[in-house]
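Have a look at model_39.csv; it's CSV, N, CA and C atoms:
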```csv
chain,number,residue,atom,x,y,z
A,1,MET,N,30.0,34.8,7.4
A,1,MET,CA,28.7,35.0,6.9
A,1,MET,C,27.9,33.7,7.2
A,2,ALA,N,26.8,33.8,7.9
A,2,ALA,CA,26.0,32.6,8.2
A,2,ALA,C,25.2,32.2,7.0
A,3,THR,N,25.0,30.9,6.8
A,3,THR,CA,24.2,30.4,5.7
A,3,THR,C,23.1,29.5,6.3
A,4,SER,N,22.1,29.3,5.6
A,4,SER,CA,21.0,28.4,6.1
A,4,SER,C,21.5,26.9,5.8
A,5,GLN,N,20.8,26.0,6.3
A,5,GLN,CA,21.1,24.6,6.0
A,5,GLN,C,20.9,24.2,4.6
A,6,PHE,N,20.1,25.1,3.9
A,6,PHE,CA,19.8,24.8,2.5
A,6,PHE,C,20.7,25.5,1.5
A,7,GLU,N,21.5,26.4,2.0
A,7,GLU,CA,22.5,27.1,1.1
A,7,GLU,C,23.9,26.6,1.3
A,8,PRO,N,24.5,26.0,0.3
A,8,PRO,CA,25.9,25.5,0.5
A,8,PRO,C,26.8,26.7,0.6
A,9,GLU,N,27.9,26.4,1.3
A,9,GLU,CA,29.0,27.4,1.4
A,9,GLU,C,29.7,27.4,0.0
A,10,VAL,N,30.4,28.5,-0.3
A,10,VAL,CA,31.1,28.6,-1.5
A,10,VAL,C,32.0,27.4,-1.7
A,11,GLY,N,31.9,26.7,-2.9
A,11,GLY,CA,32.7,25.6,-3.2
A,11,GLY,C,32.1,24.3,-2.7
A,12,GLN,N,30.9,24.3,-2.1
A,12,GLN,CA,30.3,23.0,-1.6
A,12,GLN,C,29.0,22.8,-2.4
A,13,LYS,N,28.7,21.5,-2.5
A,13,LYS,CA,27.4,21.2,-3.1
A,13,LYS,C,26.3,21.1,-2.1
A,14,ALA,N,25.1,21.4,-2.4
A,14,ALA,CA,24.0,21.3,-1.5
A,14,ALA,C,23.7,19.8,-1.3
A,15,ARG,N,23.4,19.4,-0.1
A,15,ARG,CA,23.1,18.0,0.1
A,15,ARG,C,21.9,18.0,1.1
A,16,ILE,N,20.7,17.7,0.5
A,16,ILE,CA,19.5,17.7,1.2
A,16,ILE,C,18.9,16.3,1.0
A,17,ARG,N,18.7,15.6,2.1
A,17,ARG,CA,18.1,14.3,2.1
A,17,ARG,C,16.7,14.3,2.5
A,18,VAL,N,15.8,13.8,1.7
A,18,VAL,CA,14.4,13.7,2.0
A,18,VAL,C,14.0,12.3,1.8
A,19,ASN,N,13.3,11.7,2.7
A,19,ASN,CA,12.8,10.4,2.6
A,19,ASN,C,11.5,10.4,1.9
A,20,LEU,N,11.5,10.0,0.7
A,20,LEU,CA,10.2,10.0,-0.1
A,20,LEU,C,9.5,8.7,-0.1
A,21,GLU,N,10.0,7.8,0.7
A,21,GLU,CA,9.4,6.5,0.8
A,21,GLU,C,8.2,6.5,1.8
A,22,ALA,N,7.0,6.3,1.3
A,22,ALA,CA,5.9,6.1,2.1
A,22,ALA,C,5.7,4.7,2.4
A,23,PRO,N,5.1,4.3,3.6
A,23,PRO,CA,4.8,2.9,3.9
A,23,PRO,C,3.9,2.3,2.8
A,24,VAL,N,3.9,1.0,2.6
A,24,VAL,CA,3.1,0.4,1.6
A,24,VAL,C,2.3,-0.8,2.3
A,25,ALA,N,1.1,-0.9,1.9
A,25,ALA,CA,0.2,-2.0,2.4
A,25,ALA,C,-0.4,-2.7,1.2
A,26,GLY,N,-0.6,-3.9,1.3
A,26,GLY,CA,-1.3,-4.7,0.3
A,26,GLY,C,-2.6,-5.3,0.8
A,27,ILE,N,-3.7,-5.3,0.1
A,27,ILE,CA,-4.9,-5.8,0.5
A,27,ILE,C,-5.5,-6.8,-0.5
A,28,ASP,N,-5.8,-8.0,0.0
A,28,ASP,CA,-6.5,-9.0,-0.8
A,28,ASP,C,-8.0,-8.9,-0.5
A,29,VAL,N,-8.8,-8.8,-1.5
A,29,VAL,CA,-10.2,-8.6,-1.3
A,29,VAL,C,-11.0,-9.8,-1.8
A,30,SER,N,-12.0,-10.2,-0.9
A,30,SER,CA,-13.0,-11.2,-1.4
A,30,SER,C,-14.4,-10.6,-1.0
A,31,LYS,N,-15.4,-11.4,-1.3
A,31,LYS,CA,-16.7,-10.9,-1.1
A,31,LYS,C,-17.0,-10.5,0.4
A,32,ASP,N,-16.5,-11.3,1.3
A,32,ASP,CA,-16.8,-11.1,2.7
A,32,ASP,C,-15.6,-10.6,3.6
A,33,LYS,N,-14.4,-10.7,3.1
A,33,LYS,CA,-13.3,-10.3,4.0
A,33,LYS,C,-12.1,-9.7,3.2
A,34,LEU,N,-11.3,-8.9,4.0
A,34,LEU,CA,-10.2,-8.2,3.5
A,34,LEU,C,-9.0,-8.8,4.3
A,35,ILE,N,-7.9,-9.1,3.6
A,35,ILE,CA,-6.7,-9.5,4.3
A,35,ILE,C,-5.6,-8.4,3.9
A,36,MET,N,-5.1,-7.8,4.9
A,36,MET,CA,-4.2,-6.7,4.7
A,36,MET,C,-2.8,-7.1,5.2
A,37,TYR,N,-1.8,-6.8,4.4
A,37,TYR,CA,-0.4,-7.0,4.8
A,37,TYR,C,0.2,-5.6,5.0
A,38,PHE,N,0.8,-5.4,6.2
A,38,PHE,CA,1.4,-4.1,6.4
A,38,PHE,C,2.5,-4.2,7.4
A,39,GLN,N,3.7,-3.8,7.0
A,39,GLN,CA,4.8,-3.8,7.9
A,39,GLN,C,5.1,-5.2,8.5
A,40,GLY,N,5.0,-6.2,7.7
A,40,GLY,CA,5.3,-7.5,8.1
A,40,GLY,C,4.2,-8.3,8.9
A,41,LYS,N,3.1,-7.6,9.0
A,41,LYS,CA,2.0,-8.3,9.8
A,41,LYS,C,0.7,-8.4,8.9
A,42,LEU,N,0.0,-9.5,9.2
A,42,LEU,CA,-1.3,-9.7,8.4
A,42,LEU,C,-2.5,-9.4,9.3
A,43,TYR,N,-3.4,-8.7,8.7
A,43,TYR,CA,-4.7,-8.3,9.5
A,43,TYR,C,-5.8,-8.8,8.6
A,44,GLU,N,-6.9,-9.2,9.3
A,44,GLU,CA,-8.1,-9.6,8.6
A,44,GLU,C,-9.3,-8.8,9.1
A,45,PHE,N,-10.1,-8.3,8.1
A,45,PHE,CA,-11.3,-7.5,8.4
A,45,PHE,C,-12.4,-7.9,7.6
A,46,ALA,N,-13.6,-7.5,8.0
A,46,ALA,CA,-14.8,-7.8,7.2
A,46,ALA,C,-14.8,-6.8,6.0
A,47,ASN,N,-15.3,-7.2,4.9
A,47,ASN,CA,-15.4,-6.3,3.7
A,47,ASN,C,-16.7,-5.5,3.8
A,48,ASP,N,-16.7,-4.5,4.8
A,48,ASP,CA,-17.8,-3.6,5.0
A,48,ASP,C,-17.2,-2.3,5.6
A,49,ARG,N,-18.1,-1.4,5.8
A,49,ARG,CA,-17.7,-0.1,6.3
A,49,ARG,C,-16.9,-0.2,7.6
A,50,GLN,N,-17.3,-1.0,8.5
A,50,GLN,CA,-16.6,-1.2,9.8
A,50,GLN,C,-15.1,-1.7,9.5
A,51,GLY,N,-15.0,-2.6,8.6
A,51,GLY,CA,-13.6,-3.1,8.2
A,51,GLY,C,-12.8,-2.0,7.6
A,52,PHE,N,-13.4,-1.2,6.8
A,52,PHE,CA,-12.7,-0.1,6.2
A,52,PHE,C,-12.2,0.9,7.2
A,53,GLU,N,-13.1,1.2,8.2
A,53,GLU,CA,-12.7,2.1,9.3
A,53,GLU,C,-11.5,1.5,10.1
A,54,GLU,N,-11.5,0.2,10.4
A,54,GLU,CA,-10.4,-0.4,11.1
A,54,GLU,C,-9.1,-0.3,10.3
A,55,ILE,N,-9.2,-0.4,9.0
A,55,ILE,CA,-8.0,-0.3,8.2
A,55,ILE,C,-7.4,1.2,8.4
A,56,ARG,N,-8.3,2.1,8.3
A,56,ARG,CA,-7.9,3.5,8.5
A,56,ARG,C,-7.2,3.8,9.8
A,57,LYS,N,-7.6,3.1,10.8
A,57,LYS,CA,-7.0,3.3,12.2
A,57,LYS,C,-5.6,2.8,12.2
A,58,ILE,N,-5.3,1.8,11.4
A,58,ILE,CA,-3.9,1.2,11.3
A,58,ILE,C,-3.0,1.9,10.4
A,59,LEU,N,-3.4,2.3,9.2
A,59,LEU,CA,-2.6,2.9,8.2
A,59,LEU,C,-2.4,4.4,8.4
A,60,PRO,N,-1.1,4.8,8.3
A,60,PRO,CA,-0.9,6.3,8.4
A,60,PRO,C,-1.3,7.0,7.1
A,61,LYS,N,-1.7,8.2,7.3
A,61,LYS,CA,-2.1,9.0,6.1
A,61,LYS,C,-0.9,9.1,5.1
A,62,GLY,N,-1.3,9.0,3.8
A,62,GLY,CA,-0.2,9.1,2.8
A,62,GLY,C,0.3,7.7,2.4
A,63,CYS,N,-0.1,6.7,3.1
A,63,CYS,CA,0.4,5.3,2.9
A,63,CYS,C,0.0,4.9,1.4
A,64,LYS,N,0.9,4.1,0.8
A,64,LYS,CA,0.5,3.6,-0.5
A,64,LYS,C,-0.2,2.2,-0.3
A,65,ILE,N,-1.3,2.0,-1.0
A,65,ILE,CA,-2.0,0.8,-0.9
A,65,ILE,C,-2.3,0.1,-2.2
A,66,GLY,N,-1.9,-1.1,-2.3
A,66,GLY,CA,-2.1,-2.0,-3.5
A,66,GLY,C,-3.3,-2.8,-3.2
A,67,ILE,N,-4.4,-2.8,-4.0
A,67,ILE,CA,-5.6,-3.6,-3.9
A,67,ILE,C,-5.8,-4.4,-5.1
A,68,GLU,N,-6.0,-5.7,-4.9
A,68,GLU,CA,-6.2,-6.6,-6.1
A,68,GLU,C,-7.7,-6.3,-6.6
A,69,SER,N,-7.8,-6.1,-7.9
A,69,SER,CA,-9.1,-6.0,-8.6
A,69,SER,C,-9.8,-7.3,-8.5
A,70,THR,N,-10.9,-7.3,-7.9
A,70,THR,CA,-11.7,-8.6,-7.7
A,70,THR,C,-13.2,-8.3,-8.1
A,71,GLY,N,-13.4,-8.3,-9.3
A,71,GLY,CA,-14.8,-8.1,-9.8
A,71,GLY,C,-15.3,-6.7,-9.2
A,72,ILE,N,-16.4,-6.8,-8.4
A,72,ILE,CA,-16.9,-5.6,-7.8
A,72,ILE,C,-16.6,-5.4,-6.4
A,73,TYR,N,-15.9,-6.4,-5.8
A,73,TYR,CA,-15.7,-6.5,-4.3
A,73,TYR,C,-14.7,-5.5,-3.8
A,74,HIS,N,-13.9,-5.0,-4.7
A,74,HIS,CA,-12.8,-4.0,-4.2
A,74,HIS,C,-13.3,-2.6,-4.4
A,75,ILE,N,-14.3,-2.3,-5.1
A,75,ILE,CA,-14.7,-0.9,-5.5
A,75,ILE,C,-15.0,-0.1,-4.2
A,76,ASN,N,-15.9,-0.5,-3.3
A,76,ASN,CA,-16.2,0.3,-2.2
A,76,ASN,C,-15.0,0.6,-1.3
A,77,LEU,N,-14.1,-0.4,-1.1
A,77,LEU,CA,-12.9,-0.2,-0.3
A,77,LEU,C,-12.0,0.9,-1.0
A,78,ALA,N,-11.8,0.8,-2.3
A,78,ALA,CA,-11.0,1.7,-3.0
A,78,ALA,C,-11.5,3.1,-2.9
A,79,LYS,N,-12.8,3.3,-3.1
A,79,LYS,CA,-13.4,4.6,-3.0
A,79,LYS,C,-13.3,5.2,-1.6
A,80,TYR,N,-13.5,4.3,-0.6
A,80,TYR,CA,-13.4,4.8,0.8
A,80,TYR,C,-12.0,5.3,1.1
A,81,LEU,N,-11.0,4.6,0.6
A,81,LEU,CA,-9.6,4.9,1.0
A,81,LEU,C,-8.9,6.0,0.1
A,82,MET,N,-9.5,6.3,-1.1
A,82,MET,CA,-8.8,7.1,-2.0
A,82,MET,C,-8.5,8.5,-1.5
A,83,GLY,N,-9.3,9.1,-0.7
A,83,GLY,CA,-9.1,10.5,-0.2
A,83,GLY,C,-7.9,10.7,0.6
A,84,GLU,N,-7.5,9.7,1.4
A,84,GLU,CA,-6.4,9.8,2.3
A,84,GLU,C,-5.1,9.1,1.9
A,85,TYR,N,-5.3,8.1,1.0
A,85,TYR,CA,-4.2,7.2,0.7
A,85,TYR,C,-3.9,7.2,-0.8
A,86,ASP,N,-2.7,6.8,-1.2
A,86,ASP,CA,-2.4,6.6,-2.6
A,86,ASP,C,-2.7,5.2,-3.0
A,87,VAL,N,-3.9,5.0,-3.5
A,87,VAL,CA,-4.5,3.7,-3.8
A,87,VAL,C,-4.2,3.3,-5.2
A,88,ARG,N,-3.8,2.1,-5.4
A,88,ARG,CA,-3.6,1.5,-6.8
A,88,ARG,C,-4.3,0.2,-6.9
A,89,ILE,N,-5.1,0.0,-7.9
A,89,ILE,CA,-5.8,-1.2,-8.2
A,89,ILE,C,-4.9,-2.1,-9.1
A,90,ILE,N,-4.6,-3.3,-8.6
A,90,ILE,CA,-3.7,-4.2,-9.3
A,90,ILE,C,-4.5,-5.3,-10.1
A,91,ASN,N,-4.1,-5.4,-11.3
A,91,ASN,CA,-4.7,-6.4,-12.2
A,91,ASN,C,-4.4,-7.8,-11.6
A,92,PRO,N,-5.4,-8.7,-11.4
A,92,PRO,CA,-5.1,-10.0,-10.8
A,92,PRO,C,-4.2,-10.9,-11.8
A,93,PHE,N,-4.3,-10.6,-13.1
A,93,PHE,CA,-3.4,-11.3,-14.0
A,93,PHE,C,-2.0,-11.1,-13.7
A,94,ILE,N,-1.6,-9.8,-13.3
A,94,ILE,CA,-0.3,-9.5,-13.0
A,94,ILE,C,0.1,-10.2,-11.7
A,95,LEU,N,-0.8,-10.3,-10.7
A,95,LEU,CA,-0.5,-11.0,-9.5
A,95,LEU,C,-0.3,-12.5,-9.8
A,96,LYS,N,-1.1,-13.1,-10.7
A,96,LYS,CA,-1.0,-14.5,-11.0
A,96,LYS,C,0.4,-14.7,-11.6
A,97,LYS,N,0.9,-13.9,-12.5
A,97,LYS,CA,2.2,-14.0,-13.1
A,97,LYS,C,3.3,-13.9,-12.1
A,98,PHE,N,3.1,-13.0,-11.1
A,98,PHE,CA,4.0,-12.9,-10.0
A,98,PHE,C,4.0,-14.1,-9.2
A,99,LYS,N,2.8,-14.7,-8.9
A,99,LYS,CA,2.7,-15.9,-8.2
A,99,LYS,C,3.4,-17.1,-8.9
A,100,ASP,N,3.3,-17.2,-10.2
A,100,ASP,CA,3.9,-18.2,-10.9
A,100,ASP,C,5.4,-18.2,-10.7
A,101,PHE,N,5.9,-17.0,-10.6
A,101,PHE,CA,7.4,-16.7,-10.4
A,101,PHE,C,7.8,-17.0,-8.9
A,102,ARG,N,6.9,-16.5,-8.0
A,102,ARG,CA,7.3,-16.5,-6.6
A,102,ARG,C,6.7,-17.6,-5.7
A,103,GLY,N,5.7,-18.4,-6.2
A,103,GLY,CA,5.2,-19.5,-5.3
A,103,GLY,C,3.7,-19.6,-5.2
A,104,LYS,N,3.3,-20.3,-4.1
A,104,LYS,CA,1.9,-20.7,-3.9
A,104,LYS,C,1.0,-19.5,-3.8
A,105,LYS,N,-0.3,-19.7,-4.3
A,105,LYS,CA,-1.3,-18.6,-4.2
A,105,LYS,C,-2.1,-18.9,-3.0
A,106,SER,N,-2.4,-17.8,-2.2
A,106,SER,CA,-3.3,-17.8,-1.1
A,106,SER,C,-3.7,-16.4,-0.8
A,107,ASP,N,-4.7,-16.1,-0.1
A,107,ASP,CA,-5.2,-14.8,0.2
A,107,ASP,C,-4.1,-14.0,1.0
A,108,LYS,N,-3.4,-14.7,1.9
A,108,LYS,CA,-2.3,-14.0,2.7
A,108,LYS,C,-1.2,-13.7,1.8
A,109,ASN,N,-0.8,-14.6,0.9
A,109,ASN,CA,0.3,-14.3,0.0
A,109,ASN,C,-0.1,-13.2,-1.0
A,110,ASP,N,-1.4,-13.2,-1.4
A,110,ASP,CA,-1.8,-12.2,-2.3
A,110,ASP,C,-1.7,-10.8,-1.7
A,111,ALA,N,-2.1,-10.7,-0.4
A,111,ALA,CA,-2.0,-9.4,0.3
A,111,ALA,C,-0.6,-8.9,0.3
A,112,SER,N,0.3,-9.8,0.6
A,112,SER,CA,1.8,-9.5,0.7
A,112,SER,C,2.3,-9.1,-0.7
A,113,ARG,N,1.9,-9.8,-1.7
A,113,ARG,CA,2.3,-9.5,-3.1
A,113,ARG,C,1.7,-8.2,-3.6
A,114,ASN,N,0.5,-7.8,-3.2
A,114,ASN,CA,-0.1,-6.5,-3.5
A,114,ASN,C,0.8,-5.4,-3.1
A,115,SER,N,1.4,-5.6,-1.9
A,115,SER,CA,2.3,-4.5,-1.4
A,115,SER,C,3.6,-4.5,-2.1
A,116,CYS,N,4.1,-5.7,-2.5
A,116,CYS,CA,5.3,-5.8,-3.2
A,116,CYS,C,5.2,-5.2,-4.6
A,117,LYS,N,4.1,-5.5,-5.3
A,117,LYS,CA,3.9,-5.0,-6.7
A,117,LYS,C,3.8,-3.5,-6.7
A,118,TYR,N,3.2,-3.0,-5.6
A,118,TYR,CA,3.0,-1.5,-5.6
A,118,TYR,C,4.3,-0.8,-5.2
A,119,GLY,N,4.9,-1.3,-4.1
A,119,GLY,CA,6.1,-0.6,-3.5
A,119,GLY,C,7.3,-0.8,-4.2
```
Could the structure of this file be written out as structure tokens, please?
Amino acid sequence: MATSQFEPEVGQKARIRVNLEAPVAGIDVSKDKLIMYFQGKLYEFANDRQGFEEIRKILPKGCKIGIESTGIYHINLAKYLMGEYDVRIINPFILKKFKDFRGKKSDKNDASRNSCKYG
């Protein structure tokens, strides 16, 4: 009797492997620029609609994105990305504590840490 790949034969356990890990990006936000860390690379964009669109061209749908909360400067980016991505706003106090543990603070390091804190 034939069984599907999802039905174990008598006496066997079902083994289905699903990769639930989505790629993760971190974005450090300032008034004028965005620094994004994604898959080991750093990218820099303007903090405007054109920059947001360039980010969408790089990131696959469903990607997880950690964005540092920076006053009002992160709000438009977060709203723009929320429909297609799993966006999380990260408290800068948490990042500072992580920095104290992991080393020097910089925009590039913050972008990387945003992805680490999320993923």
Which of A:Leu59, A:Glu84, A:Ile90, A:Asp32 sits closest to Ala46 in chain A [using only N, CA and C atoms]: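 That would be A:Asp32, the residue with the smallest distance to Ala46 in chain A.
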Residue with smallest distance to Asn47 in chain A - pool A:Gly83, A:Pro60, A:Leu77, A:Gly71, counting only N, CA and C atoms: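 Nearest to Asn47 in chain A: A:Leu77.
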Close residues, Ile75 in chain A itself excluded, 12 Å, only C-alpha atoms, min 3 positions apart in chain, as an MDAnalysis selection string: chainID A and resid 29:31 47:48 52 67:72 78:82 87:89
For atom N of Phe93 in chain A and CA of Gly66 in chain A, the interatomic separation in Å (one decimal): 13.1 Å
Interatomic distance (Å, one decimal) between CA of Asn76 in chain A and CA of Ile27 in chain A: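 One can read the CA of Asn76 in chain A to CA of Ile27 in chain A distance as 13.1 Å.
Using all atoms listed in the file for every distance, the candidate list A:Phe45, A:Gly62, A:Gly51, A:Pro92 yields A:Gly62 as the residue closest to Val24 in chain A.
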d(atom C of Ile65 in chain A, atom N of Arg49 in chain A) in Å: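 Calculated distance between atom C of Ile65 in chain A and atom N of Arg49 in chain A is 17.8 Å.
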Using only C-alpha atoms: which of A:Asp28, A:Glu21, A:Glu54, A:Glu44 has the shortest distance to Asn91 in chain A: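 Among the listed residues, the smallest separation from Asn91 in chain A belongs to A:Asp28.
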